[in-house]
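With compact mmCIF, C-alpha atoms inside, this is query_5.txt:
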# COMPACT_ATOMS: atom_id res chain seq x y z
CA MET A 27 0.98 -26.95 54.39
CA SER A 28 0.20 -25.60 50.90
CA TYR A 29 2.73 -25.86 48.11
CA LEU A 30 2.94 -22.03 48.05
CA VAL A 31 4.15 -22.00 51.64
CA ILE A 32 6.61 -24.81 50.88
CA LEU A 33 7.87 -22.87 47.89
CA ALA A 34 8.32 -19.74 49.97
CA VAL A 35 10.40 -21.64 52.53
CA LEU A 36 12.53 -23.34 49.90
CA LEU A 37 13.29 -20.13 48.06
CA ALA A 38 13.43 -17.70 50.97
CA SER A 39 17.08 -16.94 50.23
CA ALA A 40 16.32 -15.90 46.66
CA SER A 41 16.03 -12.14 46.22
CA GLN A 42 13.54 -10.42 43.96
CA ALA A 43 16.49 -9.51 41.75
CA LEU A 44 17.31 -13.19 41.18
CA ALA A 45 17.89 -13.86 37.50
CA GLN A 46 14.97 -15.50 35.74
CA PRO A 47 16.27 -17.65 32.90
CA PRO A 48 13.54 -18.48 30.37
CA ILE A 49 11.65 -21.68 31.15
CA ILE A 50 10.74 -23.87 28.18
CA ILE A 51 8.14 -26.60 28.72
CA LEU A 52 7.84 -29.66 26.49
CA PRO A 53 4.36 -31.10 27.17
CA GLY A 54 3.14 -34.67 26.80
CA LEU A 55 0.97 -36.65 24.39
CA LEU A 56 -2.08 -34.74 23.09
CA ASP A 57 -0.99 -31.53 24.84
CA SER A 58 -0.01 -29.45 21.82
CA GLN A 59 -2.63 -27.95 19.55
CA LEU A 60 -2.49 -29.24 15.98
CA ILE A 61 -3.60 -27.17 12.99
CA VAL A 62 -4.34 -29.02 9.75
CA THR A 63 -4.46 -28.04 6.09
CA TYR A 64 -5.80 -30.73 3.74
CA ASN A 65 -5.78 -30.64 -0.05
CA LYS A 66 -8.08 -33.39 -1.31
CA SER A 67 -6.68 -33.13 -4.86
CA ALA A 68 -3.30 -34.30 -3.49
CA ASP A 69 -4.83 -37.35 -1.81
CA SER A 70 -5.36 -40.25 -4.23
CA SER A 71 -7.13 -42.24 -1.51
CA ALA A 72 -9.96 -39.66 -1.42
CA ALA A 73 -10.18 -40.14 2.31
CA CYS A 74 -12.05 -36.89 2.80
CA ASN A 75 -14.52 -34.94 0.68
CA ASN A 76 -13.61 -31.49 1.97
CA ASN A 77 -10.56 -29.26 1.90
CA PHE A 78 -9.38 -27.85 5.23
CA ASN A 79 -7.33 -24.69 5.62
CA ASN A 80 -5.71 -23.98 9.01
CA THR A 81 -8.40 -25.98 10.76
CA VAL A 82 -8.09 -26.95 14.42
CA MET A 83 -8.08 -30.74 14.50
CA TRP A 84 -6.79 -31.07 18.03
CA VAL A 85 -7.98 -30.10 20.56
CA PRO A 86 -11.55 -29.96 19.16
CA SER A 87 -14.01 -27.80 21.06
CA ILE A 88 -16.20 -30.31 22.83
CA GLY A 89 -19.77 -29.64 21.76
CA ASN A 90 -18.73 -27.76 18.61
CA ALA A 91 -20.37 -29.88 15.90
CA THR A 92 -18.16 -28.51 13.11
CA GLU A 93 -14.88 -29.19 14.92
CA ILE A 94 -16.06 -32.60 16.13
CA GLY A 95 -17.08 -33.41 12.56
CA ASN A 96 -13.67 -32.43 11.20
CA PHE A 97 -12.01 -34.38 13.98
CA LEU A 98 -14.00 -37.54 13.26
CA THR A 99 -13.38 -37.16 9.53
CA THR A 100 -9.65 -37.39 10.06
CA PHE A 101 -9.36 -39.56 13.15
CA ALA A 102 -12.11 -42.05 12.28
CA ALA A 103 -11.98 -42.17 8.50
CA GLY A 104 -13.80 -45.50 8.40
CA PRO A 105 -13.03 -49.03 7.19
CA GLY A 106 -10.75 -49.22 4.21
CA LYS A 107 -10.09 -45.49 4.13
CA GLN A 108 -6.70 -43.87 4.56
CA LYS A 109 -6.12 -42.41 8.02
CA ILE A 110 -5.09 -39.02 6.68
CA PHE A 111 -4.31 -37.55 10.08
CA THR A 112 -1.46 -39.93 10.76
CA SER A 113 -0.28 -40.68 7.22
CA ASN A 114 0.00 -37.05 6.06
CA ILE A 115 -1.28 -37.87 2.56
CA GLY A 116 -2.40 -34.51 1.24
CA VAL A 117 -2.11 -33.12 4.75
CA THR A 118 0.08 -30.49 6.36
CA VAL A 119 0.01 -30.54 10.16
CA ARG A 120 1.66 -27.88 12.30
CA PRO A 121 1.72 -27.62 16.08
CA ALA A 122 0.69 -24.32 17.62
CA LEU A 123 3.60 -22.47 19.22
CA SER A 124 1.73 -22.34 22.50
CA ILE A 125 -1.52 -23.60 23.95
CA SER A 126 -2.95 -21.58 26.81
CA GLN A 127 -4.85 -24.50 28.31
CA SER A 128 -1.90 -26.91 28.29
CA TYR A 129 -2.29 -29.61 30.95
CA VAL A 130 1.25 -29.11 32.21
CA LEU A 131 1.44 -25.33 31.82
CA LYS A 132 -1.41 -24.45 34.19
CA PRO A 133 0.01 -25.96 37.41
CA LEU A 134 3.55 -24.82 36.60
CA GLN A 135 2.33 -21.28 35.97
CA ARG A 136 0.62 -21.26 39.36
CA LEU A 137 3.87 -22.44 40.93
CA LEU A 138 6.20 -20.08 39.11
CA LEU A 139 4.08 -16.94 39.17
CA ALA A 140 3.30 -17.22 42.90
CA LYS A 141 4.28 -14.05 44.71
CA THR A 142 5.27 -16.13 47.74
CA GLY A 143 7.82 -17.96 45.61
CA LEU A 144 9.78 -17.11 42.47
CA ASN A 145 7.38 -14.42 41.28
CA TYR A 146 8.44 -15.33 37.75
CA SER A 147 7.47 -13.17 34.80
CA ALA A 148 4.85 -14.88 32.63
CA SER A 149 6.67 -13.72 29.50
CA ARG A 150 9.61 -15.96 30.46
CA ILE A 151 7.54 -19.16 30.55
CA LYS A 152 7.15 -20.78 27.13
CA VAL A 153 5.44 -23.94 25.90
CA LEU A 154 7.33 -25.56 23.04
CA ALA A 155 4.60 -27.31 21.08
CA TYR A 156 5.48 -30.23 18.84
CA ASP A 157 3.75 -32.85 16.70
CA TRP A 158 3.12 -35.49 19.35
CA ARG A 159 2.01 -38.06 16.73
CA LEU A 160 5.61 -38.71 15.69
CA ASP A 161 8.44 -40.81 17.07
CA ILE A 162 11.89 -39.25 17.56
CA ASN A 163 13.38 -40.63 14.34
CA SER A 164 10.44 -39.24 12.33
CA MET A 165 10.88 -35.86 14.01
CA THR A 166 14.55 -35.95 13.06
CA ARG A 167 13.95 -36.95 9.42
CA GLY A 168 11.17 -34.39 9.00
CA GLY A 169 13.26 -31.57 10.43
CA GLN A 170 11.05 -30.96 13.45
CA LEU A 171 13.84 -31.48 15.99
CA ALA A 172 15.93 -28.92 14.12
CA GLN A 173 12.96 -26.52 14.21
CA LEU A 174 12.59 -27.02 17.96
CA ARG A 175 16.29 -26.35 18.48
CA GLY A 176 15.93 -23.18 16.42
CA ARG A 177 12.95 -22.11 18.54
CA ILE A 178 14.97 -22.58 21.75
CA GLN A 179 17.82 -20.52 20.28
CA THR A 180 15.35 -17.79 19.31
CA ILE A 181 13.89 -17.67 22.83
CA SER A 182 17.40 -17.42 24.26
CA ARG A 183 18.22 -14.50 21.94
CA GLN A 184 15.00 -12.75 22.94
CA PHE A 185 16.37 -12.64 26.48
CA LYS A 186 19.89 -11.44 25.65
CA ASN A 187 21.31 -14.93 25.01
CA GLU A 188 20.39 -16.22 28.45
CA SER A 189 20.61 -19.93 29.10
CA VAL A 190 17.24 -21.65 29.52
CA ILE A 191 15.63 -24.16 31.87
CA LEU A 192 14.11 -27.12 30.04
CA VAL A 193 11.11 -28.88 31.62
CA GLY A 194 9.72 -32.10 30.15
CA TYR A 195 6.51 -33.84 31.11
CA SER A 196 5.80 -37.46 30.11
CA GLN A 197 6.43 -37.86 26.33
CA GLY A 198 7.96 -34.38 26.31
CA ASN A 199 10.98 -35.90 28.06
CA LEU A 200 11.71 -38.12 25.06
CA VAL A 201 11.79 -34.98 22.92
CA ALA A 202 13.87 -33.08 25.49
CA ARG A 203 16.45 -35.84 25.71
CA ALA A 204 16.72 -36.00 21.92
CA LEU A 205 17.29 -32.24 21.81
CA LEU A 206 19.95 -32.49 24.51
CA ARG A 207 22.07 -34.85 22.45
CA ASP A 208 23.13 -31.74 20.53
CA THR A 209 26.19 -30.02 22.03
CA LYS A 210 24.88 -26.55 21.12
CA MET A 211 21.70 -27.31 23.07
CA GLN A 212 23.72 -28.53 26.03
CA ALA A 213 25.54 -25.18 26.11
CA LEU A 214 22.20 -23.31 26.09
CA VAL A 215 20.46 -25.27 28.86
CA LYS A 216 21.08 -24.24 32.46
CA GLY A 217 19.12 -27.19 33.86
CA TYR A 218 16.69 -29.92 32.84
CA ILE A 219 13.71 -31.07 34.93
CA ALA A 220 12.21 -34.42 33.88
CA ILE A 221 8.69 -34.97 35.26
CA ALA A 222 7.17 -38.48 34.93
CA PRO A 223 9.64 -39.54 32.20
CA PRO A 224 8.57 -42.75 30.36
CA PHE A 225 12.14 -43.41 29.21
CA GLY A 226 11.72 -47.20 29.17
CA GLY A 227 8.13 -47.35 27.97
CA SER A 228 4.74 -48.34 29.35
CA ALA A 229 2.51 -51.37 28.82
CA ARG A 230 -0.61 -49.19 28.74
CA VAL A 231 0.12 -47.74 25.28
CA MET A 232 -0.51 -51.15 23.71
CA GLY A 233 -4.10 -50.91 24.91
CA ALA A 234 -4.60 -47.67 22.99
CA LEU A 235 -3.12 -49.13 19.81
CA SER A 236 -5.12 -52.36 19.93
CA SER A 237 -8.37 -51.33 21.55
CA GLY A 238 -8.65 -47.58 22.05
CA ALA A 239 -8.09 -47.86 25.81
CA LEU A 240 -8.32 -44.41 27.38
CA GLU A 241 -7.03 -45.14 30.89
CA GLY A 242 -3.41 -44.10 31.30
CA ASN A 243 -3.21 -42.78 27.74
CA ILE A 244 -5.12 -39.52 28.01
CA MET A 245 -5.16 -36.81 30.67
CA PRO A 246 -8.03 -37.42 33.12
CA ASP A 247 -9.54 -33.95 32.72
CA LEU A 248 -9.53 -34.35 28.94
CA GLU A 249 -10.98 -37.85 29.22
CA ALA A 250 -13.82 -36.46 31.33
CA LYS A 251 -14.56 -33.80 28.72
CA LEU A 252 -14.34 -36.13 25.73
CA GLN A 253 -18.05 -36.82 25.40
CA ILE A 254 -19.14 -37.39 21.81
CA PRO A 255 -22.03 -34.99 20.95
CA PRO A 256 -25.13 -35.96 18.95
CA PRO A 257 -25.52 -37.27 16.33
CA TYR A 258 -22.03 -38.83 16.45
CA ASN A 259 -22.60 -40.52 19.81
CA GLN A 260 -25.14 -42.78 18.12
CA ILE A 261 -22.52 -44.29 15.82
CA ILE A 262 -19.21 -44.08 17.65
CA SER A 263 -17.83 -44.65 21.15
CA ARG A 264 -14.95 -42.86 22.85
CA GLU A 265 -12.89 -46.06 22.62
CA TYR A 266 -13.55 -46.37 18.89
CA LEU A 267 -12.50 -42.77 18.48
CA MET A 268 -9.31 -43.40 20.46
CA TYR A 269 -8.62 -46.59 18.50
CA ASN A 270 -8.83 -44.76 15.18
CA ALA A 271 -6.77 -41.89 16.54
CA ALA A 272 -4.05 -44.29 17.63
CA GLN A 273 -3.73 -46.10 14.30
CA GLU A 274 -0.20 -45.73 12.94
CA LEU A 275 0.60 -43.37 15.84
CA ALA A 276 4.37 -43.76 15.96
CA SER A 277 4.72 -41.83 19.22
CA LEU A 278 2.71 -44.48 21.08
CA ALA A 279 4.71 -47.32 19.54
CA MET A 280 7.91 -45.53 20.60
CA GLN A 281 6.60 -45.59 24.18
CA ALA A 282 5.84 -49.32 24.19
CA PRO A 283 7.87 -51.46 26.62
CA SER A 284 11.57 -51.33 25.74
CA PRO A 285 14.45 -53.66 26.69
CA ALA A 286 15.90 -50.84 28.82
CA GLY A 287 12.72 -50.30 30.84
CA PHE A 288 11.55 -53.92 30.95
CA PRO A 289 14.77 -55.90 31.46
CA GLY A 290 14.85 -59.67 31.06
CA ASP A 291 12.51 -59.71 28.03
CA PRO A 292 9.29 -60.36 30.00
CA VAL A 293 5.90 -61.15 28.50
CA VAL A 294 4.03 -57.83 28.17
CA ALA A 295 0.88 -58.97 26.35
CA VAL A 296 -1.20 -62.13 26.15
CA ALA A 297 -3.90 -62.41 23.47
CA GLY A 298 -5.79 -65.67 23.60
CA PRO A 299 -3.25 -68.47 23.19
CA LYS A 300 -0.43 -66.19 22.09
CA SER A 301 2.09 -64.38 24.31
CA TYR A 302 4.30 -61.46 23.34
CA LYS A 303 7.60 -60.61 24.97
CA VAL A 304 9.26 -57.21 24.69
CA SER A 305 11.40 -58.60 21.87
CA GLN A 306 8.23 -59.64 20.00
CA LEU A 307 6.44 -56.29 19.87
CA GLY A 308 7.07 -56.04 16.15
CA GLN A 309 4.96 -59.19 15.75
CA LEU A 310 2.28 -57.73 18.03
CA PHE A 311 2.06 -54.63 15.84
CA SER A 312 1.73 -56.87 12.78
CA ASP A 313 -1.00 -58.94 14.44
CA ILE A 314 -3.10 -55.85 15.19
CA GLY A 315 -2.71 -54.75 11.57
CA GLN A 316 -0.08 -52.05 12.06
CA PRO A 317 3.26 -53.61 11.06
CA MET A 318 4.67 -50.21 10.12
CA LEU A 319 4.84 -49.31 13.83
CA ALA A 320 7.80 -51.66 14.31
CA GLU A 321 9.92 -48.90 12.75
CA ALA A 322 9.12 -46.62 15.71
CA LEU A 323 10.78 -49.08 18.10
CA LYS A 324 14.09 -47.89 16.63
CA SER A 325 13.51 -44.60 18.47
CA GLN A 326 13.83 -46.39 21.81
CA VAL A 327 17.11 -45.87 23.65
CA ASP A 328 19.44 -48.58 24.97
CA ALA A 329 20.09 -48.71 28.71
CA SER A 330 23.79 -48.05 28.07
CA ASP A 331 22.91 -44.67 26.53
CA PHE A 332 21.49 -43.30 29.78
CA VAL A 333 24.46 -41.31 31.02
CA PRO A 334 24.69 -37.77 32.46
CA ILE A 335 24.15 -35.00 29.93
CA PRO A 336 27.40 -33.00 29.70
CA GLY A 337 27.11 -29.66 31.51
CA VAL A 338 23.35 -29.96 32.13
CA PRO A 339 22.21 -30.53 35.74
CA THR A 340 19.26 -32.93 35.56
CA TYR A 341 16.43 -33.47 38.05
CA CYS A 342 14.09 -36.48 37.98
CA ILE A 343 10.61 -36.24 39.52
CA TYR A 344 8.13 -39.12 39.46
CA GLY A 345 5.69 -41.15 41.53
CA GLY A 346 7.00 -44.54 42.59
CA ALA A 347 4.44 -46.22 44.83
CA GLN A 348 1.35 -46.74 42.68
CA PRO A 349 0.33 -50.17 41.32
CA THR A 350 1.40 -50.11 37.68
CA PRO A 351 0.67 -52.77 35.06
CA THR A 352 3.46 -54.43 33.11
CA GLN A 353 1.23 -56.74 31.09
CA LEU A 354 -2.06 -56.57 29.17
CA THR A 355 -4.29 -59.64 28.78
CA TYR A 356 -6.91 -60.17 26.05
CA LYS A 357 -9.41 -63.05 25.96
CA ALA A 358 -9.04 -63.64 22.24
CA ALA A 359 -6.23 -63.53 19.71
CA PHE A 360 -5.70 -60.18 18.01
CA ALA A 361 -7.69 -59.26 14.92
CA ALA A 362 -5.98 -57.11 12.32
CA ASP A 363 -7.59 -53.88 11.07
CA LYS A 364 -10.33 -54.17 13.67
CA ILE A 365 -10.80 -52.81 17.15
CA ASN A 366 -10.01 -55.48 19.74
CA GLU A 367 -11.66 -55.94 23.13
CA LEU A 368 -10.35 -53.82 25.96
CA PRO A 369 -7.54 -55.63 27.80
CA VAL A 370 -7.27 -56.52 31.47
CA THR A 371 -4.20 -55.06 33.18
CA ALA A 372 -1.90 -57.47 35.02
CA GLY A 373 1.63 -57.92 36.37
CA PHE A 374 1.43 -54.98 38.77
CA VAL A 375 4.62 -53.46 40.16
CA ASP A 376 5.54 -50.14 41.75
CA GLY A 377 5.46 -47.11 39.48
CA ASP A 378 3.31 -44.05 38.76
CA SER A 379 0.21 -46.03 37.61
CA VAL A 380 1.24 -45.65 33.95
CA VAL A 381 5.02 -46.16 33.83
CA PRO A 382 6.73 -48.81 35.99
CA LEU A 383 9.62 -47.87 38.26
CA SER A 384 12.11 -49.79 36.11
CA SER A 385 11.25 -47.46 33.24
CA LEU A 386 11.02 -44.22 35.22
CA SER A 387 14.28 -44.84 37.08
CA LEU A 388 16.32 -44.79 33.88
CA CYS A 389 16.23 -41.05 34.51
CA ASP A 390 18.29 -41.63 37.66
CA LYS A 391 21.28 -42.51 35.48
CA LEU A 392 21.31 -38.97 34.10
CA THR A 393 22.08 -37.37 37.46
CA ASP A 394 23.15 -37.92 41.10
CA LYS A 395 20.84 -39.39 43.70
CA ASP A 396 20.34 -36.02 45.44
CA ASN A 397 18.58 -34.79 42.30
CA VAL A 398 16.11 -37.68 42.13
CA TYR A 399 12.69 -37.19 43.73
CA LYS A 400 10.88 -40.53 43.88
CA LEU A 401 7.55 -39.60 45.41
CA MET A 402 5.60 -42.01 47.53
CA GLY A 403 1.95 -41.95 48.55
CA LYS A 404 -0.79 -41.31 46.00
CA ILE A 405 1.33 -39.46 43.44
CA ASN A 406 0.68 -40.88 39.96
CA HIS A 407 1.58 -40.01 36.37
CA PHE A 408 -0.95 -37.18 36.26
CA THR A 409 -1.25 -35.92 39.85
CA VAL A 410 2.52 -35.32 40.09
CA LEU A 411 1.72 -31.91 38.58
CA ASN A 412 -0.95 -31.03 41.11
CA GLU A 413 -0.25 -32.73 44.44
CA THR A 414 1.70 -30.83 47.11
CA ALA A 415 4.59 -33.32 47.16
CA GLY A 416 5.00 -33.15 43.39
CA LEU A 417 4.94 -29.36 43.28
CA ALA A 418 7.35 -29.15 46.23
CA ALA A 419 9.82 -31.39 44.37
CA ILE A 420 9.51 -29.26 41.24
CA ALA A 421 10.08 -26.15 43.36
CA LYS A 422 13.23 -27.68 44.87
CA ALA A 423 14.58 -28.48 41.42
CA PHE A 424 13.97 -24.94 40.21
CA GLY A 425 15.61 -23.57 43.35
CA LYS A 426 18.75 -25.68 42.83
CA ILE A 427 19.05 -24.61 39.19
CA LEU A 428 18.62 -20.93 40.01
CA GLU A 429 21.28 -21.10 42.71
CA LYS A 430 23.88 -22.20 40.17
CA LYS A 431 26.00 -19.47 38.64
What would you get if you wrote out this structure as structure tokens?
Amino acid sequence: MSYLVILAVLLASASQALAQPPIIILPGLLDSQLIVTYNKSADSSAACNNNFNNTVMWVPSIGNATEIGNFLTTFAAGPGKQKIFTSNIGVTVRPALSISQSYVLKPLQRLLLAKTGLNYSASRIKVLAYDWRLDINSMTRGGQLAQLRGRIQTISRQFKNESVILVGYSQGNLVARALLRDTKMQALVKGYIAIAPPFGGSARVMGALSSGALEGNIMPDLEAKLQIPPPYNQIISREYLMYNAAQELASLAMQAPSPAGFPGDPVVAVAGPKSYKVSQLGQLFSDIGQPMLAEALKSQVDASDFVPIPGVPTYCIYGGAQPTPTQLTYKAAFAADKINELPVTAGFVDGDSVVPLSSLSLCDKLTDKDNVYKLMGKINHFTVLNETAGLAAIAKAFGKILEKK
């Protein structure tokens, strides 16, 4: 049975006149377009020879030599040069307000616009782009969380002060939860749907920070498209590109294994003779030459803080039966300021192939068990948005929210 038929059955009681509160989607890592302006005169490190004005740095058009060149200039600045993309020296980065090819938007649009289901108006579905490079504390200090709250309030006013439905996917859930700590936001949100929430972290992100590992850190369709065009493919690999992109990337460090998601302080990385427990991730960041990332760990949330959000019905949707690594193993000790060998994944437990169940299930504490959809079978961190079971669970959550007065 197709998900459209399932949706029609689930929502058969909903009339065409059913109210359509605006839906606001917070996408995951890499899924917001970033526009960069760079003033080389303001950058004492002279990391780049050219000024950029409102230049698309992410997502670059694959095969477009100019955009790939700009992308490599900022993401792979080279040994000893300042990584201007992540440090913001001389750089202004703004996320686009929407991105039409968003990984999460496409399947949700198909679901919501289906005439056999909600028949939602496209104008009421919004993508709330944000700077996915940053951890939550950085977003707070820089005023981006306040800007996002203002954007949600503006969308509500556009639709006669209607309450909104908030949908988070992957990293977007960390942003959503931070927004929902605000009582004014709680009053504006009719319901919150958390899809594949990495609330307690993932071991895989350490592979991106240390070695440029792509698996589990980048959407599969984007990974397939990320082929480096000539002449750059002669001097750089996709992993080297990812490694440089991940340097000082606070959002990845924020999503490293946390005490809440990896209870008991287990070993999460082994590099040569040295082991690293969850409590020793600050040392791991130092050993790979990025000690500043330890600050991002302060954005992680304690297990005791996972309590229901006042007045906001919450729905948790995630895969729970895929082998998921909880530990990365490297043959040699870490080298600082140098790409390390790709790790071997180990310590497999149930999860969604990226985030273990102990991390995903922190979401369960935000709601009652009837609003938790732990999906079995082949549903993983990425296919939850496309497989029938995942879409059916999302449809159920929307149906429950819309039924509430």
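Shortest separation to A:Arg150 among A:Gly337, A:Pro48, A:Pro283, A:Gly377 occurs at residue A:Pro48, atoms counted being all atoms listed in the file.
If you measure from each of A:Ala220, A:Leu354, A:Ala361, A:Ile254 to A:Ser301 using all atoms listed in the file, the closest one turns out to be A:Leu354.
Residue nearest A:Gly345 within the list A:Asp363, A:Asp378, A:Glu249, A:Glu274: A:Asp378 [criterion: smallest interatomic distance, all atoms listed in the file].
Of the listed residues (A:Tyr195, A:Tyr356, A:Trp158, A:Tyr258), A:Tyr195 comes nearest to A:Leu131; the distances count only C-alpha atoms.
Between atom CA of A:Ile51 and atom CA of A:Val193 the interatomic distance comes to 4.7 Å.
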